[in-house]
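Visitor: Supplied in structure tokens, the structure appears directly below.
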Amino acid sequence: MQFLRKARQRLAAGRKATLSLERRNGVDPTAGMVPPAWPRLLMLGGLSLLLALLTTPYHLLLPVQYQVGDVAERNVRAVRDFLVPDEAATEQRRQEAATNSLAVYDLDEEPIRNLRQRLASAFAVVRPLFLDTGSSGRGGEGGARGLREMQKSPREQVFALKKEFEAKVGGTLSDRDYAILVQEKFDPRLEEGVTRLAESVFAVGVVSNKTLLLSQLQRGVILRSIQNGAESHIRDLLGFLSLDEAKRQMRLRAGVLLEEEKRPVLEAVVHLAQAALQPNITFNLNETEIRKQRAVETIRPALFQVKKGEMLIREGQRVGAEHILKLETQARSGLQRGVIFTVVGTALMAGLLVWLSAYAAGRYISGFPTGTRDLLFLTSCLGLLLVLAKLSAGVADALTTTFPFISPAAVYCLLPLAAGPMLVAIFFGPASAILFAIVLAVLSAFLLERQFNLLFYYLIGSLVAIHRVEDTQDRTTPLKAGLAVSLVNAVVIVIFTLTVDEPLLSARTGAAVILGVAGGMLSGVITTGLSPMVEWAFDYTTSVKLLELANMEQPLLRGLMVQAPGSYHHSLMVGNMVEAAAKSIGANALLARVAAYYHDIGKIKKPLYFVENQAGGENRHERLAPSMSSLILISHVRDGVELAKDHHLGKAIQDIIQQHHGTGVISYFYQKAIDLQEKLKSSKGGEVSPVLLEDYRYPGPKPQTKEAGLVLLADAVEAASRTVTEPTAARIQGMVQKITNKIFTDGQLDECELTLKDLHEIAKSFIQILTAIFHQRIDYPEPAAKGLEGRARADGDSGSKPAKRDRNGSREDRGKGKEDLKRLGLS
């Protein structure tokens, strides 16, 4: 009882020290214990929605598959009342609305004012030439220009301004007419005459394009005032004048309006009025188009009603455009109402089923993968295989149409669904693979027209595949498993043929058997090709990869052998010990052995700081502070993890490297630091910085698996075995039990699945191996003659007592053993 109380006290102290170390290093000890929920919810939602879409009948999601001219395969009735848009009638109405929309013309109600402004501006250019420049009232720049003009001859002065005059008027004049205006000195009465002629035609209305206007003769036009926006509907369009008609009217009315003028002057005024004339009614294209668009938008779609139960199309009837319109409308209506609820409801039920299955499996099936990465792989694998099964239905329809002797069920036998359970078995073991196979078989049979004989077909093939790949030792194992599945598929197809009373010797049965055999072999090929890709993508470690890593020609192992030979030999010994112990407790012996080979690869970076590599040379730790020495020893764990990541050893081995010291204390340097602190106190007499136990602990974490616990135990026991003097069986047994009890009471095995019974079996295996290594041998006498010496050498012994010597050196070397063990933190 006293021993148990002490053990509990040590376990509590170890846990407190571990939590304190994690917090001091800025690590939340609870972080990472519960993975985030959103990736799992996302995977659950995605898989549920996929299952819902796959199980919803395609004729509900995509019911319209006909084209004009096709023959209907079945009767289709209206499932509810709905309105069908009549696109042809709607388009016709819209065209009529656009055609009936009136054209818009802009009316300038003040054209005379605009004309007067242009004439005044034009006459102002020339009129100053006929006035005295000093009194013309045009100072500044105008006076200077007038002076320059007066310096020219009169004709040159006048005609130099002709183009500017024409630009102001807005038209061109002949030289003759311009000369008459000059002769009349651009008298204001000429300006007034032009205005009177323009007023006579503007009163009627001058349009720019009368031909375009007359195209609206039947409906009329909208005349909109530019000045105030007032609109009027004008139907009489013949009274408006075109530009040519207005110019002729000016000529005809000139004799009456300008009867006092001489004929040459009269003609010049008429020509000037015609040049200055501009239409006061113009077509507004932009506003017209806007009003057309508004008219079109006001037209509501034309609809006709289809009553519930009305036959939309009959079987065998040729499909027309109206049929397609009705079918498409019903499909849209169904998708908006019923199908959406169907998909959502199915997704919720599928999600609940998947969640409960995964929860129960994680709770009651030992070793079932529950990590986010593992669930992502399972979800992806299941989803892809179900999509493949759904797509095969379309392929089956096409093949059966082309080859009538091939039934749809025979095509389904070709599906390589056994590849999924094989992959799951390779990465997670047979228990998880069997559950995966059951779920896959049920869902696949439900998707494939609910042919539940396929459920047994897929399940039997998957179980055979799982059994064949349970102990995968090379890359060809899935191929062999695929061959076994092929044979079983053929037998199952024959049995099903007998149950449905089909003739065995028929083309349909033969095709089904051939496709079943091909499906099994295809499963093996797919598994062989995908397993390395899955290993790389999800960072999994399989037995095949472990066997490859166990090859001593691997670069890391060769580097360890060359740069740290002592650590290399130690790793080999640990590998042999954990392999035997793992077999005795039912752990993964291959993983434990390979992890043991690599657990000390971090020592490659600083090999001479570890006693097993010093070979009796200088101990570099003598020159270092204890805290620095502890940091160097601790760093080999971090360096080992980095090397494992760089060389893609896999997460399982990385974890064991990180956990193979747990949170153990480097007691030798911790005690050395305490002794050094006491010396400083006695010499200085003052306070010195305290020595913290957490500074001399490995960062952990503690071993999380049986294999990691085995490596931790074997690592400590193998190192301690080098210090045993006269290693008899009893001493070895005592040493193994002492080291095991110390690690157990320190709480280093609290988080792995090793039981007390397992510890007993592990210690028993360690004792058996170490006793065999340090076995006693007979001390042969020295040979009396030369011939006997040769015989003794032939026996492989020189006459010494190896049991009294250490494996790595003489007894003097073993004298340092206890010091070496202390430096490793094991005593």
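We label chains A, B, ... in the order they appear in the structure tokens, count residues from 1 in each chain, and number ligands from 1 in the order shown.
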Return as a ChimeraX atom specification the full set of residues in segment 139-388 of chain A whose backbone-based DSSP assignment is strand (DSSP E).
Guide: /A:206-207,221-225,231-234,241-242,281-283,303-306,311-313
Visitor: Based on DSSP run over this structure's backbone, return all residues of segment 601-778 of chain A in helix (DSSP H, G or I), as JSON, numbers by chain.
Guide: {"A": [601, 602, 603, 604, 607, 608, 609, 611, 612, 613, 620, 621, 622, 623, 626, 627, 628, 629, 630, 631, 632, 633, 634, 635, 636, 637, 638, 639, 640, 641, 642, 643, 644, 645, 646, 651, 652, 653, 654, 655, 656, 657, 658, 659, 667, 668, 669, 670, 671, 672, 673, 674, 675, 676, 677, 678, 679, 680, 681, 682, 683, 684, 693, 694, 695, 696, 706, 707, 708, 709, 710, 711, 712, 713, 714, 715, 716, 717, 718, 719, 720, 721, 729, 730, 731, 732, 733, 734, 735, 736, 737, 738, 739, 740, 741, 742, 743, 744, 745, 756, 757, 758, 759, 760, 761, 762, 763, 764, 765, 766, 767, 768, 769, 770, 771, 772, 773]}
Visitor: Which polymer residues have any atom within 7 Å of an atom of Ile406 of chain A, counting only C-alpha atoms, with same-chain residues fewer than 6 positions away left out, as a list in words?
Guide: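 So, after excluding close chain neighbours, the residues are Thr400, Arg508 and Ala511 of chain A.
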Visitor: Find the residues near segment 195-209 of chain A: any atom within 7 Å, counting only C-alpha atoms, skip ones fewer than 6 places away on the same chain, and give them as a PyMOL selection string.
Guide: chain A and resi 112+116+240-243+246+250+254+273+277+279-282
Visitor: Fewer than 3 positions away in the same chain doesn't count, so skip those; otherwise give me all residues within 12 Å of Leu266 of chain A, counting only C-alpha atoms, as number ranges by chain.
Guide: A: 177, 180-181, 184, 189-191, 193-194, 197, 250-263, 269-273
Visitor: Could you tell me which of A:His233, A:Gly461, A:Leu378, A:Ala124 comes closest to Arg40 of chain A if we count only C-alpha atoms?
Guide: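 Using only C-alpha atoms, the shortest distance to Arg40 of chain A belongs to A:Leu378.
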Visitor: For a test of reading the model, state the distance in Å between atom CA of Leu414 of chain A and atom CA of Asp471 of chain A, rounded to one decimal.
Guide: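 It comes out at 25.9 Å.
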Visitor: Calculate how many Å separate atom CA of Gly371 of chain A from atom CA of Ala644 of chain A, rounding to one decimal.
Guide: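 Separating atom CA of Gly371 of chain A from atom CA of Ala644 of chain A is a distance of 21.2 Å.
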Visitor: Determine, counting only C-alpha atoms, which protein, DNA and RNA residues have an atom within 7 Å of an atom of segment 583-590 of chain A; residues of the same chain fewer than 6 positions away are not included. Present the result as a list in words.
Guide: Leu546, Lys706, Glu707, Asp758 and Glu761 of chain A
Visitor: Excluding Ile634 of chain A and any residue of its chain fewer than 6 positions from it, enumerate the residues within 9 Å of it, using only C-alpha atoms, and give them as number ranges by chain.
Guide: A: 666, 696-699
